[in-house]
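Data block for target_5.pdb (PDB, C-alpha atoms):
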MODEL        1
ATOM      1  CA  MET Z  53     -12.435  10.298 -63.399
ATOM      2  CA  LYS Z  54     -13.252   6.978 -61.750
ATOM      3  CA  THR Z  55      -9.721   6.758 -60.331
ATOM      4  CA  THR Z  56      -9.990  10.260 -58.831
ATOM      5  CA  LYS Z  57     -13.290   9.397 -57.090
ATOM      6  CA  SER Z  58     -11.776   6.172 -55.708
ATOM      7  CA  PHE Z  59      -8.698   8.028 -54.570
ATOM      8  CA  THR Z  60     -10.803  10.768 -52.887
ATOM      9  CA  LEU Z  61     -13.020   8.166 -51.219
ATOM     10  CA  LEU Z  62      -9.937   6.319 -49.923
ATOM     11  CA  TRP Z  63      -8.535   9.542 -48.440
ATOM     12  CA  LEU Z  64     -11.834  10.358 -46.755
ATOM     13  CA  MET Z  65     -12.005   6.901 -45.189
ATOM     14  CA  MET Z  66      -8.403   7.181 -43.928
ATOM     15  CA  ALA Z  67      -9.113  10.644 -42.474
ATOM     16  CA  ALA Z  68     -12.210   9.294 -40.701
ATOM     17  CA  LEU Z  69     -10.249   6.343 -39.238
ATOM     18  CA  LEU Z  70      -7.489   8.677 -38.125
ATOM     19  CA  ALA Z  71      -9.991  11.003 -36.416
ATOM     20  CA  VAL Z  72     -11.659   8.091 -34.612
ATOM     21  CA  GLY Z  73      -8.281   6.704 -33.555
ATOM     22  CA  CYS Z  74      -7.151  10.058 -32.118
ATOM     23  CA  ASN Z  75     -10.368  10.453 -30.143
ATOM     24  CA  GLY Z  76      -9.831   7.039 -28.556
ATOM     25  CA  LYS Z  77      -6.269   7.945 -27.508
ATOM     26  CA  LYS Z  78      -7.392  11.249 -26.037
ATOM     27  CA  ALA Z  79     -10.044   9.501 -23.916
ATOM     28  CA  GLN Z  80      -7.513   6.920 -22.749
ATOM     29  CA  GLN Z  81      -5.051   9.621 -21.646
ATOM     30  CA  THR Z  82      -7.794  11.387 -19.675
ATOM     31  CA  GLU Z  83      -8.660   8.160 -17.830
ATOM     32  CA  VAL Z  84      -5.012   7.604 -16.855
ATOM     33  CA  ALA Z  85      -4.765  11.161 -15.524
ATOM     34  CA  ASP Z  86      -7.893  10.594 -13.404
ATOM     35  CA  ILE Z  87      -6.468   7.391 -11.872
ATOM     36  CA  GLU Z  88      -3.216   9.100 -10.861
ATOM     37  CA  ASP Z  89      -5.044  11.883  -8.992
ATOM     38  CA  PRO Z  90      -2.925  12.629  -5.894
ATOM     39  CA  ALA Z  91      -5.897  14.043  -3.945
ATOM     40  CA  VAL Z  92      -7.040  10.653  -2.593
ATOM     41  CA  GLU Z  93      -8.558  10.992   0.886
ATOM     42  CA  ASP Z  94      -7.211   8.670   3.566
ATOM     43  CA  SER Z  95      -9.927   7.021   5.677
ATOM     44  CA  THR Z  96      -7.387   5.394   8.018
ATOM     45  CA  VAL Z  97      -7.679   6.052  11.764
ATOM     46  CA  TYR Z  98      -4.365   6.201  13.658
ATOM     47  CA  GLY Z  99      -3.819   5.574  17.352
ATOM     48  CA  VAL Z 100      -2.247   3.477  20.081
ATOM     49  CA  CYS Z 101      -3.414   0.004  21.035
ATOM     50  CA  GLY Z 102      -5.084   0.138  24.456
ATOM     51  CA  SER Z 103      -4.644  -2.358  27.288
ATOM     52  CA  ASN Z 104      -8.304  -3.450  27.047
ATOM     53  CA  THR Z 105      -7.787  -4.973  23.598
ATOM     54  CA  ALA Z 106      -8.974  -8.588  23.347
ATOM     55  CA  MET Z 107      -9.371 -11.304  20.695
ATOM     56  CA  SER Z 108     -12.513  -9.822  19.152
ATOM     57  CA  THR Z 109     -12.252  -6.152  20.180
ATOM     58  CA  LEU Z 110      -9.670  -3.448  19.659
ATOM     59  CA  GLU Z 111      -9.302  -0.496  21.977
ATOM     60  CA  LEU Z 112      -7.691   2.355  20.022
ATOM     61  CA  ILE Z 113      -6.539   5.470  21.862
ATOM     62  CA  VAL Z 114      -6.606   8.426  19.465
ATOM     63  CA  GLY Z 115      -5.966  12.142  19.660
ATOM     64  CA  LYS Z 116      -5.808  13.465  23.202
ATOM     65  CA  GLY Z 117      -6.744  10.240  24.943
ATOM     66  CA  ASP Z 118     -10.087   9.583  23.258
ATOM     67  CA  THR Z 119     -10.855   5.869  23.073
ATOM     68  CA  LEU Z 120     -12.503   4.060  20.154
ATOM     69  CA  ARG Z 121     -13.643   0.435  20.356
ATOM     70  CA  TYR Z 122     -13.597  -1.620  17.156
ATOM     71  CA  MET Z 123     -15.171  -5.039  16.708
ATOM     72  CA  LEU Z 124     -13.101  -7.683  14.906
ATOM     73  CA  GLU Z 125     -15.307 -10.087  12.972
ATOM     74  CA  GLY Z 126     -15.096 -13.456  11.275
ATOM     75  CA  GLU Z 127     -14.167 -16.943  12.349
ATOM     76  CA  ASP Z 128     -10.510 -15.933  12.580
ATOM     77  CA  THR Z 129     -10.492 -12.356  13.898
ATOM     78  CA  THR Z 130      -6.706 -12.184  13.603
ATOM     79  CA  SER Z 131      -6.867 -12.439   9.793
ATOM     80  CA  GLN Z 132      -7.700  -8.713   9.709
ATOM     81  CA  VAL Z 133      -4.712  -7.867  11.924
ATOM     82  CA  LEU Z 134      -1.275  -7.406  10.348
ATOM     83  CA  GLY Z 135       1.653  -7.395  12.787
ATOM     84  CA  GLY Z 136      -0.290  -8.151  15.977
ATOM     85  CA  MET Z 137      -2.105  -5.989  18.539
ATOM     86  CA  PHE Z 138       0.156  -5.253  21.487
ATOM     87  CA  SER Z 139      -0.647  -2.663  24.122
ATOM     88  CA  GLY Z 140       1.246   0.559  23.422
ATOM     89  CA  ASP Z 141       1.925  -0.165  19.738
ATOM     90  CA  HIS Z 142       0.950   2.377  17.104
ATOM     91  CA  LEU Z 143      -1.818   1.102  14.808
ATOM     92  CA  ALA Z 144      -3.517   2.143  11.578
ATOM     93  CA  VAL Z 145      -7.150   1.002  11.323
ATOM     94  CA  VAL Z 146      -9.500   0.960   8.344
ATOM     95  CA  GLY Z 147     -13.099   0.260   9.241
ATOM     96  CA  TYR Z 148     -16.701   1.411   9.206
ATOM     97  CA  LYS Z 149     -19.564   2.351  11.524
ATOM     98  CA  ASP Z 150     -22.691   0.169  11.343
ATOM     99  CA  ALA Z 151     -26.340   1.298  11.662
ATOM    100  CA  ASN Z 152     -26.154   0.857  15.456
ATOM    101  CA  GLY Z 153     -23.119   3.136  15.702
ATOM    102  CA  GLU Z 154     -20.653   0.330  16.452
ATOM    103  CA  LEU Z 155     -17.213   0.478  14.847
ATOM    104  CA  HIS Z 156     -15.924  -2.539  12.892
ATOM    105  CA  ALA Z 157     -12.311  -2.966  11.728
ATOM    106  CA  ASN Z 158     -11.719  -4.232   8.196
ATOM    107  CA  LYS Z 159      -7.927  -4.040   8.531
ATOM    108  CA  VAL Z 160      -5.531  -3.317  11.401
ATOM    109  CA  ILE Z 161      -1.863  -2.577  10.601
ATOM    110  CA  ASN Z 162       0.664  -2.538  13.437
ATOM    111  CA  LEU Z 163       2.916   0.389  12.488
ATOM    112  CA  THR Z 164       5.364  -0.444  15.283
ATOM    113  CA  SER Z 165       5.868  -3.906  13.720
ATOM    114  CA  LEU Z 166       6.231  -2.358  10.250
ATOM    115  CA  LEU Z 167       9.153  -0.166  11.335
ATOM    116  CA  GLY Z 168      12.601  -1.617  10.898
ATOM    117  CA  LYS Z 169      15.106  -2.944   8.390
ATOM    118  CA  TRP Z 170      13.798  -5.213   5.633
ATOM    119  CA  TYR Z 171      15.724  -6.993   2.886
ATOM    120  CA  SER Z 172      15.268  -9.286  -0.108
ATOM    121  CA  ILE Z 173      17.601 -10.374  -2.873
ATOM    122  CA  SER Z 174      17.078  -7.126  -4.794
ATOM    123  CA  ARG Z 175      16.196  -4.583  -2.078
ATOM    124  CA  SER Z 176      17.305  -3.516   1.372
ATOM    125  CA  PHE Z 177      15.602  -0.633   3.165
ATOM    126  CA  GLU Z 178      14.628   0.669   6.583
ATOM    127  CA  ILE Z 179      11.136   1.977   7.326
ATOM    128  CA  GLN Z 180      11.601   4.703   9.936
ATOM    129  CA  GLU Z 181       9.304   6.797  12.097
ATOM    130  CA  GLY Z 182       8.180  10.049  10.533
ATOM    131  CA  GLY Z 183       7.563   8.609   7.065
ATOM    132  CA  THR Z 184      11.146   8.241   5.876
ATOM    133  CA  VAL Z 185      12.776   5.229   4.256
ATOM    134  CA  THR Z 186      16.522   4.764   3.902
ATOM    135  CA  SER Z 187      18.168   2.305   1.558
ATOM    136  CA  THR Z 188      21.491   0.543   2.034
ATOM    137  CA  MET Z 189      21.796  -0.860  -1.492
ATOM    138  CA  GLN Z 190      22.340   0.891  -4.796
ATOM    139  CA  GLU Z 191      18.949   0.552  -6.480
ATOM    140  CA  PRO Z 192      17.515   2.149  -9.629
ATOM    141  CA  LYS Z 193      14.442   3.438  -7.723
ATOM    142  CA  PRO Z 194      15.234   3.465  -3.979
ATOM    143  CA  TYR Z 195      12.368   4.054  -1.576
ATOM    144  CA  THR Z 196      12.694   7.364   0.285
ATOM    145  CA  GLU Z 197       9.320   7.801   2.016
ATOM    146  CA  TRP Z 198       6.376   5.766   3.248
ATOM    147  CA  SER Z 199       2.795   6.221   4.404
ATOM    148  CA  ILE Z 200      -0.428   4.290   4.890
ATOM    149  CA  CYS Z 201      -3.392   5.308   2.738
ATOM    150  CA  ASN Z 202      -6.723   3.485   3.030
ATOM    151  CA  GLY Z 203      -5.022   0.398   4.436
ATOM    152  CA  LYS Z 204      -2.315   0.223   1.754
ATOM    153  CA  LEU Z 205       1.402   0.825   2.166
ATOM    154  CA  VAL Z 206       2.753   3.563  -0.099
ATOM    155  CA  LEU Z 207       6.530   3.335  -0.631
ATOM    156  CA  SER Z 208       7.572   6.411  -2.635
ATOM    157  CA  ALA Z 209       5.580   6.049  -5.895
ATOM    158  CA  ASP Z 210       4.651   2.369  -5.382
ATOM    159  CA  THR Z 211       1.459   1.253  -3.600
ATOM    160  CA  PHE Z 212       1.131  -2.187  -2.019
ATOM    161  CA  ASP Z 213      -1.398  -4.257  -0.129
ATOM    162  CA  ILE Z 214       0.265  -5.691   2.948
ATOM    163  CA  TYR Z 215      -0.300  -9.387   2.321
ATOM    164  CA  ALA Z 216       1.329 -10.461   5.606
ATOM    165  CA  LEU Z 217       3.343  -8.838   8.398
ATOM    166  CA  GLY Z 218       5.018 -10.933  11.063
ATOM    167  CA  ALA Z 219       7.843 -10.606  13.576
ATOM    168  CA  ASP Z 220      10.477 -11.389  10.949
ATOM    169  CA  SER Z 221       8.680 -11.256   7.577
ATOM    170  CA  LEU Z 222       6.832  -8.777   5.383
ATOM    171  CA  TYR Z 223       4.922  -9.671   2.210
ATOM    172  CA  LEU Z 224       3.743  -6.881  -0.089
ATOM    173  CA  GLU Z 225       1.424  -7.359  -3.052
ATOM    174  CA  ASN Z 226       0.594  -5.248  -6.098
ATOM    175  CA  ALA Z 227      -0.382  -5.933  -9.708
ATOM    176  CA  GLU Z 228       3.165  -7.172 -10.425
ATOM    177  CA  GLY Z 229       3.058  -9.922  -7.786
ATOM    178  CA  ILE Z 230       3.958 -10.629  -4.156
ATOM    179  CA  TYR Z 231       7.300  -9.456  -2.759
ATOM    180  CA  GLY Z 232       8.762 -11.112   0.327
ATOM    181  CA  TYR Z 233      11.154  -9.429   2.780
ATOM    182  CA  LYS Z 234      12.946 -10.652   5.878
ATOM    183  CA  ARG Z 235      13.658  -8.497   8.909
ATOM    184  CA  ARG Z 236      17.254  -7.478   9.245
ATOM    185  CA  ASP Z 237      18.207  -7.219  12.914
ATOM    186  CA  TYR Z 238      21.112  -5.536  14.651
ATOM    187  CA  GLN Z 239      23.028  -8.775  15.369
ATOM    188  CA  GLN Z 240      22.971  -9.706  11.703
ATOM    189  CA  ASP Z 241      24.236  -6.224  10.783
ATOM    190  CA  THR Z 242      27.192  -6.317  13.200
ATOM    191  CA  ARG Z 243      28.249  -9.849  12.236
ATOM    192  CA  GLY Z 244      27.851  -9.171   8.530
ATOM    193  CA  LEU Z 245      25.446 -12.031   7.948
ATOM    194  CA  VAL Z 246      23.134 -10.013   5.711
ATOM    195  CA  PRO Z 247      24.327  -8.272   2.527
TER     196      PRO Z 247
ENDMDL
END

Show this structure as structure tokens.
Amino acid sequence: MKTTKSFTLLWLMMAALLAVGCNGKKAQQTEVADIEDPAVEDSTVYGVCGSNTAMSTLELIVGKGDTLRYMLEGEDTTSQVLGGMFSGDHLAVVGYKDANGELHANKVINLTSLLGKWYSISRSFEIQEGGTVTSTMQEPKPYTEWSICNGKLVLSADTFDIYALGADSLYLENAEGIYGYKRRDYQQDTRGLVP
């Protein structure tokens, strides 16, 4: 009789632990589904860099010729600018409007500078106009499309912060680390200097 009660009590405790464990997994799966929600709104403003752009201000021509003026703040105003601000270049700007109605840029990405062929030891791809990416290497998960969303670069299913963007270098960062790429130019392609 005592053995039966002990055995029944043991089974009840195991059933309770199992029920608690399943509830925890169900909650965890729901959280993951919420994070991967594809309906994320993009707050980025797109336009062309105007000729009245200066060290601390950005003139952005949007839509049908409307002009927005963003303030660039901080001791080094260029730290918010990735790829430079050259008149006529296409830009993506993430910013905010202050209480006085002035626009401030948190991040400026030069999309014209981002376009082109990039390579590293393990990847080689070309970011093209229109949101397409082509790859010249056989890769397990080649990039096929790109976009900017809230100041981040989305390459197919991978999302990166643009750590740095220069004339010949691109550094992308995510939870896995920082990935460095060099620009691959036409002369290198024709002479076969780059794999």

- Message: Which residues would end up in the selection if the PyMOL selection byres ((chain Z and resi 226) around 8) were applied here, given that I need the answer as a ChimeraX atom specification?
- Response: /Z:211-213,224-225,227-230

- Skipping near chain neighbours, those fewer than 5 positions away, what residues fall within 9 Å of Ile161 of chain Z using only C-alpha atoms, listed as a PyMOL selection string? chain Z and resi 132-137+142-146+166+203+214+217

- Non-local contacts of segment 167-175 of chain Z (12 Å; all atoms listed in the file; under 2 positions in same chain excluded) as a PyMOL selection string: chain Z and resi 135+141-143+161-165+177-195+198-199+217-224+231-238+240-241+246-247

Could you write out that same residue set with C-alpha atoms as a short mmCIF file (atom, residue, chain, number, x, y, z; two decimals), keeping the file's coordinate frame?
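Full text of again26.cif as output:
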data_model
loop_
_atom_site.label_atom_id
_atom_site.label_comp_id
_atom_site.auth_asym_id
_atom_site.auth_seq_id
_atom_site.Cartn_x
_atom_site.Cartn_y
_atom_site.Cartn_z
CA GLY Z 135 1.65 -7.40 12.79
CA ASP Z 141 1.92 -0.16 19.74
CA HIS Z 142 0.95 2.38 17.10
CA LEU Z 143 -1.82 1.10 14.81
CA ILE Z 161 -1.86 -2.58 10.60
CA ASN Z 162 0.66 -2.54 13.44
CA LEU Z 163 2.92 0.39 12.49
CA THR Z 164 5.36 -0.44 15.28
CA SER Z 165 5.87 -3.91 13.72
CA PHE Z 177 15.60 -0.63 3.16
CA GLU Z 178 14.63 0.67 6.58
CA ILE Z 179 11.14 1.98 7.33
CA GLN Z 180 11.60 4.70 9.94
CA GLU Z 181 9.30 6.80 12.10
CA GLY Z 182 8.18 10.05 10.53
CA GLY Z 183 7.56 8.61 7.06
CA THR Z 184 11.15 8.24 5.88
CA VAL Z 185 12.78 5.23 4.26
CA THR Z 186 16.52 4.76 3.90
CA SER Z 187 18.17 2.31 1.56
CA THR Z 188 21.49 0.54 2.03
CA MET Z 189 21.80 -0.86 -1.49
CA GLN Z 190 22.34 0.89 -4.80
CA GLU Z 191 18.95 0.55 -6.48
CA PRO Z 192 17.52 2.15 -9.63
CA LYS Z 193 14.44 3.44 -7.72
CA PRO Z 194 15.23 3.46 -3.98
CA TYR Z 195 12.37 4.05 -1.58
CA TRP Z 198 6.38 5.77 3.25
CA SER Z 199 2.80 6.22 4.40
CA LEU Z 217 3.34 -8.84 8.40
CA GLY Z 218 5.02 -10.93 11.06
CA ALA Z 219 7.84 -10.61 13.58
CA ASP Z 220 10.48 -11.39 10.95
CA SER Z 221 8.68 -11.26 7.58
CA LEU Z 222 6.83 -8.78 5.38
CA TYR Z 223 4.92 -9.67 2.21
CA LEU Z 224 3.74 -6.88 -0.09
CA TYR Z 231 7.30 -9.46 -2.76
CA GLY Z 232 8.76 -11.11 0.33
CA TYR Z 233 11.15 -9.43 2.78
CA LYS Z 234 12.95 -10.65 5.88
CA ARG Z 235 13.66 -8.50 8.91
CA ARG Z 236 17.25 -7.48 9.24
CA ASP Z 237 18.21 -7.22 12.91
CA TYR Z 238 21.11 -5.54 14.65
CA GLN Z 240 22.97 -9.71 11.70
CA ASP Z 241 24.24 -6.22 10.78
CA VAL Z 246 23.13 -10.01 5.71
CA PRO Z 247 24.33 -8.27 2.53
#

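Taking atom CA of Ser103 of chain Z as the reference point, atom CA of Val206 of chain Z is found at 29.0 Å.
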
- Extract, using all atoms listed in the file, all DNA, RNA and protein residues at most 7 Å from Thr109 of chain Z, discarding same-chain residues fewer than 2 positions from it, and format them as a list in words. Thr105, Ala106, Met107, Glu111, Arg121, Tyr122, Met123 and Leu124 of chain Z

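Between atom CA of Asp94 of chain Z and atom CA of Thr119 of chain Z lies a distance of 20.0 Å.
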
Taking all listed atoms of segment 132-151 of chain Z, build the axis-aligned box, pad each of the six sides by 8 Å, then write its centre and edge lengths in Å to one decimal as lines of an AutoDock Vina configuration file.
center_x = -12.2
center_y = -3.2
center_z = 16.2
size_x = 44.3
size_y = 27.1
size_z = 31.8

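Pairwise distance (atom CA of Leu155 of chain Z, atom CA of Asn104 of chain Z) equals 15.6 Å.
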
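A distance cut-off of 7 Å around (-4.7, 6.2, 18.8), counting all atoms listed in the file, selects these protein and nucleic acid residues: Tyr98, Gly99, Val100, Cys101, Leu112, Ile113, Val114 and Gly115 of chain Z.
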
I need the chosen residues saved as a PDB file, in the frame of the given file, with C-alpha atoms.
ATOM      1  CA  TYR Z  98      -4.365   6.201  13.658  1.00  0.00           C
ATOM      2  CA  GLY Z  99      -3.819   5.574  17.352  1.00  0.00           C
ATOM      3  CA  VAL Z 100      -2.247   3.477  20.081  1.00  0.00           C
ATOM      4  CA  CYS Z 101      -3.414   0.004  21.035  1.00  0.00           C
ATOM      5  CA  LEU Z 112      -7.691   2.355  20.022  1.00  0.00           C
ATOM      6  CA  ILE Z 113      -6.539   5.470  21.862  1.00  0.00           C
ATOM      7  CA  VAL Z 114      -6.606   8.426  19.465  1.00  0.00           C
ATOM      8  CA  GLY Z 115      -5.966  12.142  19.660  1.00  0.00           C
TER       9      GLY Z 115
END
